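**Q** Data: model_11.txt, compact mmCIF, C-alpha atoms.
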# COMPACT_ATOMS: atom_id res chain seq x y z
CA MET A 1 -16.97 -11.41 -50.37
CA PRO A 2 -13.46 -10.25 -51.34
CA ASN A 3 -10.79 -9.41 -48.80
CA LYS A 4 -12.36 -11.05 -45.82
CA LYS A 5 -10.85 -10.05 -42.50
CA THR A 6 -9.00 -12.82 -40.75
CA LEU A 7 -10.13 -13.60 -37.22
CA ALA A 8 -8.55 -15.79 -34.59
CA ILE A 9 -9.89 -16.61 -31.15
CA TYR A 10 -7.62 -17.76 -28.38
CA ALA A 11 -8.54 -18.95 -24.89
CA ALA A 12 -6.02 -19.05 -22.06
CA GLY A 13 -6.83 -19.94 -18.46
CA GLY A 14 -10.47 -19.53 -17.60
CA CYS A 15 -13.81 -21.28 -17.51
CA GLY A 16 -14.78 -21.25 -21.19
CA GLY A 17 -17.70 -18.91 -20.54
CA CYS A 18 -16.29 -16.36 -22.98
CA GLY A 19 -16.40 -18.87 -25.83
CA GLN A 20 -19.96 -19.72 -24.81
CA SER A 21 -20.97 -16.07 -24.97
CA LEU A 22 -19.71 -15.87 -28.59
CA LEU A 23 -21.45 -19.12 -29.50
CA LEU A 24 -24.70 -17.85 -28.00
CA SER A 25 -24.60 -14.63 -29.99
CA PRO A 26 -27.40 -14.45 -32.56
CA ASN A 27 -24.98 -12.54 -34.82
CA LEU A 28 -22.44 -15.35 -34.95
CA VAL A 29 -23.64 -16.72 -38.31
CA LEU A 30 -23.46 -13.22 -39.77
CA LEU A 31 -19.96 -12.83 -38.35
CA LEU A 32 -18.66 -16.12 -39.72
CA ASP A 33 -19.93 -15.12 -43.13
CA ARG A 34 -17.82 -11.97 -43.07
CA VAL A 35 -14.55 -13.26 -41.69
CA ASP A 36 -12.02 -15.92 -42.41
CA LEU A 37 -11.72 -17.81 -39.14
CA LEU A 38 -8.13 -19.03 -38.72
CA PHE A 39 -8.52 -20.80 -35.41
CA TRP A 40 -10.80 -20.88 -32.42
CA ALA A 41 -8.95 -22.34 -29.48
CA SER A 42 -10.18 -24.17 -27.56
CA SER A 43 -13.76 -24.44 -28.85
CA THR A 44 -12.85 -26.00 -32.21
CA SER A 45 -9.15 -26.76 -31.99
CA ASP A 46 -6.24 -26.99 -29.65
CA LEU A 47 -3.20 -24.93 -30.52
CA THR A 48 0.50 -25.14 -29.76
CA ASP A 49 3.00 -22.30 -29.85
CA GLU A 50 4.62 -23.91 -32.92
CA GLU A 51 1.33 -23.76 -34.79
CA ILE A 52 0.90 -20.10 -33.85
CA SER A 53 4.47 -19.37 -35.01
CA ALA A 54 3.58 -20.65 -38.47
CA TYR A 55 1.30 -17.64 -39.09
CA ASP A 56 2.79 -14.51 -40.72
CA ASP A 57 3.68 -11.62 -38.45
CA ARG A 58 0.70 -9.28 -38.33
CA GLY A 59 -1.08 -11.81 -40.50
CA ILE A 60 -4.13 -12.03 -38.24
CA ASP A 61 -6.38 -8.98 -38.67
CA LEU A 62 -8.12 -9.43 -35.39
CA LEU A 63 -7.34 -11.59 -32.41
CA ILE A 64 -9.83 -12.17 -29.63
CA TYR A 65 -7.97 -13.18 -26.46
CA ALA A 66 -10.09 -14.62 -23.68
CA GLY A 67 -8.87 -15.94 -20.35
CA THR A 68 -6.41 -15.11 -17.68
CA VAL A 69 -2.67 -14.55 -18.02
CA ARG A 70 -0.84 -16.46 -15.34
CA GLY A 71 2.73 -17.66 -15.40
CA ASN A 72 5.46 -17.57 -18.05
CA GLU A 73 3.73 -19.91 -20.47
CA ASN A 74 0.70 -17.64 -20.80
CA ILE A 75 2.92 -14.56 -21.07
CA ALA A 76 5.03 -16.10 -23.88
CA THR A 77 1.95 -17.18 -25.82
CA ALA A 78 0.32 -13.75 -25.38
CA ARG A 79 3.46 -12.03 -26.76
CA LEU A 80 3.63 -14.46 -29.67
CA LEU A 81 -0.01 -13.83 -30.53
CA ARG A 82 0.52 -10.09 -30.27
CA ALA A 83 3.27 -10.28 -32.90
CA LYS A 84 0.97 -12.17 -35.23
CA ALA A 85 -2.07 -9.90 -34.83
CA LYS A 86 -2.84 -6.41 -36.07
CA ARG A 87 -5.48 -5.76 -33.44
CA VAL A 88 -6.11 -7.52 -30.15
CA VAL A 89 -9.35 -7.61 -28.17
CA ALA A 90 -9.13 -8.43 -24.46
CA TYR A 91 -12.34 -10.45 -24.24
CA GLY A 92 -14.04 -10.99 -20.90
CA ALA A 93 -13.18 -10.16 -17.31
CA CYS A 94 -10.12 -12.45 -17.09
CA ALA A 95 -8.27 -10.82 -19.99
CA HIS A 96 -9.56 -7.36 -19.04
CA LEU A 97 -8.96 -7.38 -15.27
CA GLY A 98 -7.51 -10.72 -14.24
CA GLY A 99 -10.98 -11.91 -13.39
CA LEU A 100 -12.08 -14.29 -10.67
CA CYS A 101 -8.72 -16.09 -10.94
CA GLY A 102 -7.12 -12.82 -9.81
CA LEU A 103 -8.39 -13.53 -6.29
CA ALA A 104 -5.54 -16.06 -6.10
CA ASN A 105 -3.22 -13.04 -5.92
CA VAL A 106 -4.26 -12.35 -2.34
CA TYR A 107 -2.87 -15.69 -1.18
CA SER A 108 0.82 -16.16 -0.56
CA GLY A 109 2.81 -18.56 -2.70
CA ALA A 110 3.00 -21.11 0.12
CA GLN A 111 -0.76 -21.01 0.66
CA LEU A 112 -1.30 -21.50 -3.06
CA ARG A 113 1.10 -24.40 -3.35
CA ALA A 114 -0.92 -26.12 -0.65
CA LEU A 115 -3.90 -25.99 -3.02
CA PRO A 116 -4.17 -28.49 -5.87
CA SER A 117 -2.88 -27.48 -9.32
CA ALA A 118 -1.61 -24.05 -8.35
CA ASP A 119 1.88 -22.96 -9.31
CA GLY A 120 2.22 -19.89 -7.13
CA GLU A 121 2.57 -17.47 -10.04
CA PHE A 122 0.39 -14.43 -9.99
CA VAL A 123 -2.43 -13.40 -12.30
CA GLN A 124 -2.16 -10.33 -14.51
CA PRO A 125 -4.56 -8.55 -16.82
CA LEU A 126 -3.65 -9.00 -20.50
CA SER A 127 -2.92 -5.28 -20.86
CA SER A 128 0.01 -5.48 -18.43
CA VAL A 129 1.70 -8.09 -20.64
CA ILE A 130 0.97 -6.87 -24.18
CA ASP A 131 -0.63 -3.84 -25.85
CA VAL A 132 -4.37 -4.30 -26.06
CA ASP A 133 -6.41 -2.44 -28.69
CA TYR A 134 -9.96 -3.11 -27.58
CA ILE A 135 -11.64 -4.29 -24.43
CA LEU A 136 -14.86 -6.22 -24.07
CA PRO A 137 -15.66 -6.45 -20.36
CA GLY A 138 -17.98 -8.82 -18.54
CA CYS A 139 -17.99 -12.28 -17.02
CA PRO A 140 -19.08 -13.58 -19.44
CA PRO A 141 -19.54 -10.55 -21.73
CA PRO A 142 -23.27 -9.74 -21.86
CA GLN A 143 -24.94 -10.10 -25.27
CA ALA A 144 -25.61 -6.35 -25.51
CA MET A 145 -21.85 -5.74 -25.50
CA VAL A 146 -21.00 -8.74 -27.74
CA THR A 147 -23.42 -7.42 -30.35
CA ARG A 148 -21.89 -3.96 -30.15
CA MET A 149 -18.40 -5.40 -30.58
CA MET A 150 -19.41 -7.42 -33.63
CA GLU A 151 -21.10 -4.43 -35.23
CA GLU A 152 -18.14 -2.12 -34.66
CA LEU A 153 -15.43 -4.57 -35.62
CA PHE A 154 -16.96 -6.53 -38.47
CA ILE A 155 -19.88 -4.61 -39.91
CA ALA A 156 -18.84 -0.93 -39.69
CA ASP A 157 -16.56 0.27 -42.51
CA VAL A 158 -14.09 2.00 -40.22
CA MET A 159 -12.36 0.20 -37.35
CA PRO A 160 -13.14 1.74 -33.94
CA GLU A 161 -10.55 3.94 -32.26
CA GLN A 162 -7.84 2.07 -30.41
CA GLY A 163 -8.58 1.76 -26.72
CA THR A 164 -12.32 1.45 -27.29
CA VAL A 165 -14.18 -0.36 -24.52
CA PHE A 166 -17.32 -1.93 -25.95
CA ALA A 167 -19.42 -0.83 -22.99
CA SER A 168 -20.87 2.32 -21.54
CA ASN A 169 -18.82 4.98 -19.78
CA LYS A 170 -21.63 5.29 -17.24
CA ALA A 171 -22.15 3.06 -14.23
CA VAL A 172 -24.51 0.08 -14.14
CA CYS A 173 -26.94 2.24 -12.10
CA ALA A 174 -27.67 4.28 -15.25
CA GLN A 175 -29.52 1.27 -16.72
CA CYS A 176 -31.01 0.00 -13.48
CA ASP A 177 -34.70 0.79 -12.96
CA ARG A 178 -34.80 0.35 -9.19
CA LYS A 179 -36.09 3.21 -7.05
CA HIS A 180 -33.60 5.10 -4.93
CA VAL A 181 -34.83 5.39 -1.35
CA PRO A 182 -32.09 7.19 0.62
CA ASN A 183 -31.38 5.09 3.66
CA PRO A 184 -28.31 4.84 5.88
CA LEU A 185 -26.64 1.46 5.98
CA SER A 186 -27.60 0.09 9.40
CA SER A 187 -26.79 -3.57 8.77
CA VAL A 188 -25.33 -5.58 5.91
CA ARG A 189 -27.94 -8.00 4.61
CA ARG A 190 -27.18 -11.16 2.69
CA PHE A 191 -29.15 -13.05 0.10
CA HIS A 192 -29.51 -16.29 1.97
CA THR A 193 -31.22 -14.57 4.89
CA ALA A 194 -33.96 -12.66 3.10
CA PRO A 195 -34.82 -12.00 -0.56
CA PRO A 196 -34.62 -8.33 -1.51
CA ASP A 197 -37.44 -6.11 -2.71
CA PRO A 198 -37.22 -6.16 -6.54
CA GLU A 199 -38.26 -2.52 -6.88
CA ILE A 200 -35.84 -0.74 -4.54
CA CYS A 201 -32.10 -0.09 -4.90
CA LEU A 202 -30.19 -2.98 -3.30
CA ILE A 203 -27.73 -0.73 -1.48
CA ASP A 204 -30.65 1.20 0.03
CA GLN A 205 -31.92 -2.17 1.33
CA GLY A 206 -28.55 -3.02 2.87
CA TYR A 207 -27.24 -5.48 0.27
CA ILE A 208 -23.81 -4.95 -1.23
CA CYS A 209 -24.09 -4.11 -4.91
CA LEU A 210 -21.15 -2.90 -7.00
CA GLY A 211 -23.39 -1.12 -9.52
CA PRO A 212 -22.25 2.43 -8.65
CA VAL A 213 -18.57 1.71 -9.39
CA THR A 214 -18.97 -0.74 -12.27
CA ARG A 215 -18.96 0.03 -15.98
CA GLY A 216 -22.45 -0.29 -17.45
CA GLY A 217 -23.71 -1.26 -20.88
CA CYS A 218 -24.95 -4.67 -19.76
CA ASP A 219 -28.60 -3.48 -19.43
CA ALA A 220 -28.24 -4.21 -15.70
CA VAL A 221 -29.26 -7.82 -16.35
CA CYS A 222 -28.28 -9.04 -12.89
CA LEU A 223 -30.27 -6.32 -11.15
CA LYS A 224 -33.27 -7.16 -13.32
CA SER A 225 -32.98 -10.76 -12.08
CA ASN A 226 -32.98 -9.46 -8.51
CA ARG A 227 -29.29 -10.20 -8.02
CA PRO A 228 -26.65 -7.63 -7.07
CA CYS A 229 -24.00 -6.37 -9.47
CA THR A 230 -20.74 -8.11 -8.60
CA GLY A 231 -18.61 -5.82 -10.72
CA CYS A 232 -17.60 -8.05 -13.66
CA ALA A 233 -17.27 -5.17 -16.13
CA GLY A 234 -14.55 -3.55 -14.07
CA PRO A 235 -14.30 0.00 -12.75
CA VAL A 236 -16.42 2.69 -14.38
CA ALA A 237 -14.57 5.30 -16.46
CA GLY A 238 -12.64 7.59 -14.12
CA VAL A 239 -12.27 5.06 -11.30
CA ARG A 240 -8.90 3.35 -10.87
CA ASP A 241 -9.59 0.94 -8.02
CA GLN A 242 -13.03 -0.68 -8.09
CA GLY A 243 -12.97 -2.25 -4.64
CA GLY A 244 -11.57 0.87 -3.01
CA ALA A 245 -14.32 2.94 -4.61
CA ILE A 246 -17.19 0.78 -3.35
CA LEU A 247 -15.67 0.54 0.13
CA HIS A 248 -15.41 4.31 0.09
CA ALA A 249 -19.10 4.55 -0.77
CA LEU A 250 -20.23 1.94 1.78
CA ALA A 251 -18.23 3.53 4.59
CA SER A 252 -19.96 6.85 4.05
CA LEU A 253 -23.41 5.25 4.09
CA VAL A 254 -22.97 3.93 7.61
CA SER A 255 -24.36 6.44 10.04
CA PHE A 256 -25.42 6.15 13.66
CA PRO A 257 -25.99 9.54 15.22
CA GLY A 258 -25.96 9.72 19.00
CA THR A 259 -23.80 7.81 21.41
CA ASP A 260 -21.34 4.99 20.76
CA THR A 261 -21.24 6.03 17.11
CA GLU A 262 -17.85 4.61 16.29
CA LYS A 263 -18.45 1.23 17.92
CA LYS A 264 -21.79 0.73 16.17
CA GLU A 265 -20.42 1.85 12.81
CA HIS A 266 -17.44 -0.45 13.05
CA GLN A 267 -19.77 -3.33 13.90
CA VAL A 268 -21.62 -2.78 10.61
CA LEU A 269 -18.38 -2.46 8.65
CA ASP A 270 -17.03 -5.62 10.28
CA SER A 271 -20.13 -7.50 9.15
CA ILE A 272 -19.20 -7.04 5.46
CA PRO A 273 -18.30 -10.64 4.62
CA ASP A 274 -15.08 -11.50 2.73
CA VAL A 275 -14.12 -7.96 1.91
CA ILE A 276 -11.79 -8.82 -1.01
CA GLY A 277 -14.04 -11.49 -2.50
CA THR A 278 -16.98 -9.10 -2.41
CA THR A 279 -15.44 -5.84 -3.55
CA TYR A 280 -12.50 -6.97 -5.68
CA LYS A 281 -14.26 -10.05 -7.03
CA TYR A 282 -12.95 -9.60 -10.60
CA SER A 283 -10.47 -6.77 -10.24
CA ALA A 284 -8.00 -7.91 -7.57
CA ALA A 285 -5.26 -8.50 -10.16
CA SER A 286 -5.75 -5.07 -11.74
CA SER A 287 -6.28 -3.16 -8.50
CA ILE A 288 -3.67 -0.71 -7.24
CA LEU A 289 -2.24 -3.26 -4.82
CA LYS A 290 -2.29 -6.00 -7.50
CA ARG A 291 -1.16 -8.90 -5.35
CA ARG A 292 -0.14 -10.01 -1.92
CA VAL A 293 3.12 -8.71 -0.51
CA ASN A 294 5.16 -9.86 2.43
CA ASP A 295 5.30 -6.96 4.86
CA GLY A 296 7.05 -8.95 7.55
CA LYS A 297 4.64 -8.97 10.45
CA MET B 298 26.33 1.59 -0.66
CA SER B 299 22.80 0.38 -0.14
CA ASP B 300 23.84 -1.74 2.84
CA ASN B 301 25.16 1.22 4.79
CA THR B 302 22.53 3.81 3.96
CA VAL B 303 19.95 4.35 6.66
CA PHE B 304 16.36 3.73 5.61
CA GLU B 305 14.56 7.05 5.49
CA PRO B 306 10.80 6.48 5.36
CA LYS B 307 8.65 8.48 3.00
CA ILE B 308 5.42 9.50 4.66
CA ILE B 309 2.49 11.18 2.98
CA ALA B 310 0.33 13.19 5.36
CA PHE B 311 -3.20 14.18 4.38
CA LEU B 312 -4.04 16.95 6.81
CA CYS B 313 -7.36 18.69 7.32
CA LYS B 314 -6.70 22.33 6.62
CA TRP B 315 -8.85 23.52 9.54
CA THR B 316 -7.10 21.66 12.35
CA THR B 317 -4.11 19.36 11.90
CA TYR B 318 -2.71 21.43 9.05
CA ALA B 319 -3.04 24.50 11.28
CA ALA B 320 -1.19 22.58 13.98
CA ALA B 321 1.60 21.82 11.51
CA ASP B 322 1.64 25.48 10.61
CA LEU B 323 1.88 26.42 14.27
CA CYS B 324 4.75 23.98 14.65
CA GLY B 325 6.53 25.78 11.85
CA VAL B 326 6.02 29.34 13.08
CA SER B 327 6.98 28.25 16.61
CA ARG B 328 10.23 26.79 15.20
CA MET B 329 9.45 23.35 16.57
CA PRO B 330 11.32 20.88 14.36
CA TYR B 331 9.67 17.66 13.18
CA PRO B 332 11.05 14.94 10.88
CA SER B 333 11.35 15.99 7.26
CA ASN B 334 10.17 12.53 6.21
CA ILE B 335 6.60 13.70 5.93
CA SER B 336 5.20 15.39 2.86
CA ILE B 337 2.07 17.25 3.78
CA ILE B 338 -0.94 17.48 1.50
CA SER B 339 -3.59 19.85 2.73
CA VAL B 340 -7.17 18.66 2.22
CA ASN B 341 -10.44 20.37 3.07
CA CYS B 342 -11.54 17.48 5.25
CA THR B 343 -10.28 13.96 5.94
CA GLY B 344 -13.62 12.83 4.49
CA GLU B 345 -12.17 13.94 1.17
CA VAL B 346 -9.33 11.40 1.26
CA THR B 347 -10.28 8.55 -1.05
CA ALA B 348 -9.13 4.93 -0.95
CA ASP B 349 -7.54 5.63 -4.33
CA MET B 350 -5.40 8.43 -2.85
CA ILE B 351 -4.12 6.21 -0.04
CA LEU B 352 -3.52 3.12 -2.18
CA SER B 353 -1.87 5.13 -4.97
CA SER B 354 0.46 6.78 -2.45
CA LEU B 355 1.57 3.35 -1.25
CA ALA B 356 1.96 2.07 -4.80
CA LYS B 357 4.08 5.07 -5.71
CA GLY B 358 6.53 4.53 -2.90
CA ALA B 359 5.10 5.92 0.33
CA ASP B 360 6.00 3.86 3.40
CA GLY B 361 3.37 5.35 5.66
CA ILE B 362 0.23 7.45 5.45
CA LEU B 363 -0.68 9.90 8.18
CA ILE B 364 -4.22 11.19 8.16
CA GLY B 365 -4.77 14.15 10.41
CA GLY B 366 -8.24 15.53 10.97
CA CYS B 367 -10.46 16.94 13.64
CA ARG B 368 -11.30 15.18 16.84
CA PRO B 369 -14.71 13.42 16.75
CA GLY B 370 -17.55 15.93 16.96
CA HIS B 371 -15.36 18.85 15.92
CA CYS B 372 -15.58 18.47 12.14
CA ARG B 373 -16.27 21.62 10.22
CA TYR B 374 -18.43 19.55 7.86
CA GLU B 375 -20.44 17.82 10.60
CA ASP B 376 -19.34 14.21 10.10
CA GLY B 377 -16.69 14.32 7.38
CA ASN B 378 -13.97 13.11 9.73
CA LEU B 379 -16.12 10.18 10.87
CA LYS B 380 -16.79 9.12 7.29
CA GLY B 381 -13.10 9.43 6.54
CA SER B 382 -12.32 7.35 9.59
CA ASN B 383 -14.78 4.63 8.50
CA ARG B 384 -13.11 4.48 5.12
CA VAL B 385 -9.69 4.05 6.66
CA TYR B 386 -11.12 1.36 8.93
CA LEU B 387 -12.35 -0.64 5.93
CA LEU B 388 -9.22 0.04 3.92
CA LYS B 389 -7.11 -1.43 6.71
CA ARG B 390 -9.05 -4.68 6.27
CA VAL B 391 -8.16 -4.63 2.57
CA LEU B 392 -4.48 -3.91 3.27
CA LYS B 393 -4.34 -6.78 5.73
CA GLU B 394 -5.75 -9.18 3.10
CA PHE B 395 -3.07 -8.06 0.65
CA GLY B 396 -0.41 -8.68 3.28
CA VAL B 397 0.37 -5.02 3.93
CA ASN B 398 0.82 -3.96 7.55
CA PRO B 399 -2.34 -1.94 8.30
CA ASP B 400 -0.43 0.12 10.88
CA ARG B 401 1.24 1.92 7.99
CA ILE B 402 -1.86 4.10 8.02
CA ARG B 403 -2.37 6.18 11.12
CA GLU B 404 -5.16 8.56 11.96
CA VAL B 405 -4.67 11.44 14.35
CA GLY B 406 -7.05 14.12 15.56
CA ILE B 407 -5.16 17.26 16.51
CA ALA B 408 -6.63 20.71 17.13
CA GLY B 409 -5.14 23.79 15.50
CA ALA B 410 -3.55 25.01 18.72
CA GLN B 411 -1.78 21.69 19.49
CA GLY B 412 1.50 22.25 17.68
CA LEU B 413 3.44 20.27 20.25
CA ILE B 414 1.13 17.27 19.94
CA PHE B 415 1.57 17.38 16.16
CA GLN B 416 5.34 17.40 16.55
CA GLN B 417 5.21 14.40 18.88
CA ALA B 418 2.76 12.51 16.63
CA VAL B 419 5.01 12.93 13.59
CA GLU B 420 8.11 11.89 15.53
CA LYS B 421 6.33 8.79 16.87
CA PHE B 422 4.89 7.80 13.49
CA THR B 423 8.21 8.28 11.68
CA ALA B 424 9.95 6.12 14.27
CA ASP B 425 7.29 3.41 13.92
CA ILE B 426 7.50 3.39 10.11
CA ARG B 427 11.29 3.30 10.31
CA ALA B 428 10.93 0.17 12.43
CA PHE B 429 8.52 -1.41 9.90
CA GLY B 430 11.01 -0.86 7.07
CA PRO B 431 10.25 -0.05 3.43
CA CYS B 432 6.72 -0.73 2.21
CA PRO B 433 6.86 -3.58 -0.33
CA VAL B 434 3.83 -2.49 -2.31
CA MET B 435 5.81 -0.49 -4.88
CA SER B 436 7.65 -3.60 -6.02
CA ASN B 437 4.34 -4.81 -7.51
CA ALA B 438 4.12 -1.90 -9.91
Can you dump the structure from the file as structure tokens?
**A**
Amino acid sequence: MPNKKTLAIYAAGGCGGCGQSLLLSPNLVLLLDRVDLLFWASSTSDLTDEEISAYDDRGIDLLIYAGTVRGNENIATARLLRAKAKRVVAYGACAHLGGLCGLANVYSGAQLRALPSADGEFVQPLSSVIDVDYILPGCPPPQAMVTRMMEELFIADVMPEQGTVFASNKAVCAQCDRKHVPNPLSSVRRFHTAPPDPEICLIDQGYICLGPVTRGGCDAVCLKSNRPCTGCAGPVAGVRDQGGAILHALASLVSFPGTDTEKKEHQVLDSIPDVIGTTYKYSAASSILKRRVNDGK
Amino acid sequence: MSDNTVFEPKIIAFLCKWTTYAAADLCGVSRMPYPSNISIISVNCTGEVTADMILSSLAKGADGILIGGCRPGHCRYEDGNLKGSNRVYLLKRVLKEFGVNPDRIREVGIAGAQGLIFQQAVEKFTADIRAFGPCPVMSNA
């Protein structure tokens, strides 16, 4: 096929799940037939900045960047790659939002230095370091979205509009088949205490599910496996702060009419475990507060 | 210059238009002065104030957030003020985790006729925020 597009895949900090999700894609063979793969770090090769510098500026048609940006080394490499690529895809929750690693931002530098192999520098989403053209959310990106990305980027004749997110603009709930049974939140239930009913909305049962504030397009795979949505696809279109939005929703579900209302309601709200780890699981680094500050108290 | 200038806190006040906003109004028509540090935003109900509104205010340079609604049981929308109060309660937990002093958000319940109480509440809150110093959240932006 003449004029094959050139593709490069780069992985920064992360778990390697993003590379796995590409490898698992049934369309991968089709994709490799249509592109000229320059490098795939770190699945097939390791790559130094000197090796990246050897490519022509804007010589890579499409760069898939997976993994978190943390510290000056990652920032420098991301900028170098940006100069070499025409279009950049932020692939997976780490590049899109900061990801799970972003939870490190809520520790202070001293606390982090006490942990092994932590340098105290904060995590940022890729889009706050370089211009990002496309986003593929998910941790790791679900196959439904990977397939859509491959179709739009490599099979369609026209490149998608810049800023395209290869997911739905609706929340995860739009693809979830569970029945909604309106029910005030009287206690926060957890998975290790009792398994949930697979037919009824998890929030109605008292479990914390981020489905209402999370971008859909994943076919609600977690909900179909009787697990809650943990919010890996980031905030749904129109929401800026994912954790704030779900806390907002949970707080309005708590209702105890009668006496001692406030005390009972606060008891339920207090029982939400690890409020940042639950509600900002993937989006702490891209939330409004972004990272820990020292407010001198 | 910066060493000698006195820190003037910026405070965003989300006031329920049925009660605390009316109290602020009463303060004004009664010529009762209160610190000009507060910028008042009138809302239909404190239940309307989202986490996004509060966090964005802090990120854009507010040093304190005053939320003024009805006293419990007096909400025009039945329980809007209680829901709003629950949200602030949870949000304070989030602020604490991010290292922000949760006392930068204060809730007050002031009836429309209590102009004097509004004046005192604003004076007290402004003094407290002045003591806390500038909110560091904006430096993250």
**Q** Please list, as a VMD selection string, the residues that have an atom at most 9 Å away from (3.5, -6.3, -38.8) in the coordinates of this file, counting only C-alpha atoms.
**A** chain A and resid 56 to 59 83 to 86
**Q** Could you list, as JSON, numbers by chain, every residue within 7 Å of stretch 382-387 of chain B, counting all atoms listed in the file and ignoring same-chain residues fewer than 5 positions away?
**A** {"A": [247, 248, 251, 269]}
**Q** Please check which residues have atoms at most 12 Å from (-17.7, -19.0, -25.6) in the file's coordinates, counting only C-alpha atoms, and write them as JSON, numbers by chain.
**A** {"A": [9, 10, 11, 14, 15, 16, 17, 18, 19, 20, 21, 22, 23, 24, 25, 28, 40, 41, 42, 43, 44, 64, 65, 66, 67, 91, 92, 139, 140, 141, 142, 143, 146]}
**Q** Those same residues, written as a PDB file, in the coordinates of the input with C-alpha atoms?
**A**
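Writing done, so here's again.pdb:
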ATOM      1  CA  ILE A   9      -9.890 -16.610 -31.150  1.00  0.00           C
ATOM      2  CA  TYR A  10      -7.620 -17.760 -28.380  1.00  0.00           C
ATOM      3  CA  ALA A  11      -8.540 -18.950 -24.890  1.00  0.00           C
ATOM      4  CA  GLY A  14     -10.470 -19.530 -17.600  1.00  0.00           C
ATOM      5  CA  CYS A  15     -13.810 -21.280 -17.510  1.00  0.00           C
ATOM      6  CA  GLY A  16     -14.780 -21.250 -21.190  1.00  0.00           C
ATOM      7  CA  GLY A  17     -17.700 -18.910 -20.540  1.00  0.00           C
ATOM      8  CA  CYS A  18     -16.290 -16.360 -22.980  1.00  0.00           C
ATOM      9  CA  GLY A  19     -16.400 -18.870 -25.830  1.00  0.00           C
ATOM     10  CA  GLN A  20     -19.960 -19.720 -24.810  1.00  0.00           C
ATOM     11  CA  SER A  21     -20.970 -16.070 -24.970  1.00  0.00           C
ATOM     12  CA  LEU A  22     -19.710 -15.870 -28.590  1.00  0.00           C
ATOM     13  CA  LEU A  23     -21.450 -19.120 -29.500  1.00  0.00           C
ATOM     14  CA  LEU A  24     -24.700 -17.850 -28.000  1.00  0.00           C
ATOM     15  CA  SER A  25     -24.600 -14.630 -29.990  1.00  0.00           C
ATOM     16  CA  LEU A  28     -22.440 -15.350 -34.950  1.00  0.00           C
ATOM     17  CA  TRP A  40     -10.800 -20.880 -32.420  1.00  0.00           C
ATOM     18  CA  ALA A  41      -8.950 -22.340 -29.480  1.00  0.00           C
ATOM     19  CA  SER A  42     -10.180 -24.170 -27.560  1.00  0.00           C
ATOM     20  CA  SER A  43     -13.760 -24.440 -28.850  1.00  0.00           C
ATOM     21  CA  THR A  44     -12.850 -26.000 -32.210  1.00  0.00           C
ATOM     22  CA  ILE A  64      -9.830 -12.170 -29.630  1.00  0.00           C
ATOM     23  CA  TYR A  65      -7.970 -13.180 -26.460  1.00  0.00           C
ATOM     24  CA  ALA A  66     -10.090 -14.620 -23.680  1.00  0.00           C
ATOM     25  CA  GLY A  67      -8.870 -15.940 -20.350  1.00  0.00           C
ATOM     26  CA  TYR A  91     -12.340 -10.450 -24.240  1.00  0.00           C
ATOM     27  CA  GLY A  92     -14.040 -10.990 -20.900  1.00  0.00           C
ATOM     28  CA  CYS A 139     -17.990 -12.280 -17.020  1.00  0.00           C
ATOM     29  CA  PRO A 140     -19.080 -13.580 -19.440  1.00  0.00           C
ATOM     30  CA  PRO A 141     -19.540 -10.550 -21.730  1.00  0.00           C
ATOM     31  CA  PRO A 142     -23.270  -9.740 -21.860  1.00  0.00           C
ATOM     32  CA  GLN A 143     -24.940 -10.100 -25.270  1.00  0.00           C
ATOM     33  CA  VAL A 146     -21.000  -8.740 -27.740  1.00  0.00           C
TER      34      VAL A 146
END
**Q** Which distance in Å separates atom CA of B:Ile309 and atom CA of B:Cys372, to one decimal?
**A** 21.5 Å
**Q** Residues of chain A within 7 Å of chain B, counting only C-alpha atoms - could you list those as a PyMOL selection string?
**A** chain A and resi 106+241+244-245+247-248+251-252+269+275-276+288-295+297
**Q** Can you list, as a list in words, every protein, DNA or RNA residue that comes within 8 Å of B:Thr317 when you count only C-alpha atoms, leaving out same-chain residues fewer than 4 positions away?
**A**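 With the cut-off at 8 Å, the set is Leu312, Cys313, Ala321, Gly365, Gly366, Cys367, Gly406, Ile407, Ala408, Gly409 and Phe415 of chain B.
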**Q** In Å, with one decimal, what is the gap from atom CA of B:Ala428 to atom CA of B:Thr343?
**A**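 Between atom CA of B:Ala428 and atom CA of B:Thr343 the gap is 26.1 Å.
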**Q** Write out as a ChimeraX atom specification which residues come within 7 Å of stretch 226-237 of chain A when counting only C-alpha atoms, dropping same-chain ones fewer than 6 positions away.
**A** /A:93,97,137-139,169-171,198,202,209-211,213-215,281-283
**Q** For the residues in the current selection, export C-alpha atoms as an mmCIF file, in the coordinates of the input.
**A**
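Okay, result-v5.cif is ready:
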data_model
loop_
_atom_site.group_PDB
_atom_site.id
_atom_site.type_symbol
_atom_site.label_atom_id
_atom_site.label_comp_id
_atom_site.auth_asym_id
_atom_site.auth_seq_id
_atom_site.Cartn_x
_atom_site.Cartn_y
_atom_site.Cartn_z
ATOM 1 C CA ALA A 93 -13.180 -10.160 -17.310
ATOM 2 C CA LEU A 97 -8.960 -7.380 -15.270
ATOM 3 C CA PRO A 137 -15.660 -6.450 -20.360
ATOM 4 C CA GLY A 138 -17.980 -8.820 -18.540
ATOM 5 C CA CYS A 139 -17.990 -12.280 -17.020
ATOM 6 C CA ASN A 169 -18.820 4.980 -19.780
ATOM 7 C CA LYS A 170 -21.630 5.290 -17.240
ATOM 8 C CA ALA A 171 -22.150 3.060 -14.230
ATOM 9 C CA PRO A 198 -37.220 -6.160 -6.540
ATOM 10 C CA LEU A 202 -30.190 -2.980 -3.300
ATOM 11 C CA CYS A 209 -24.090 -4.110 -4.910
ATOM 12 C CA LEU A 210 -21.150 -2.900 -7.000
ATOM 13 C CA GLY A 211 -23.390 -1.120 -9.520
ATOM 14 C CA VAL A 213 -18.570 1.710 -9.390
ATOM 15 C CA THR A 214 -18.970 -0.740 -12.270
ATOM 16 C CA ARG A 215 -18.960 0.030 -15.980
ATOM 17 C CA LYS A 281 -14.260 -10.050 -7.030
ATOM 18 C CA TYR A 282 -12.950 -9.600 -10.600
ATOM 19 C CA SER A 283 -10.470 -6.770 -10.240
#
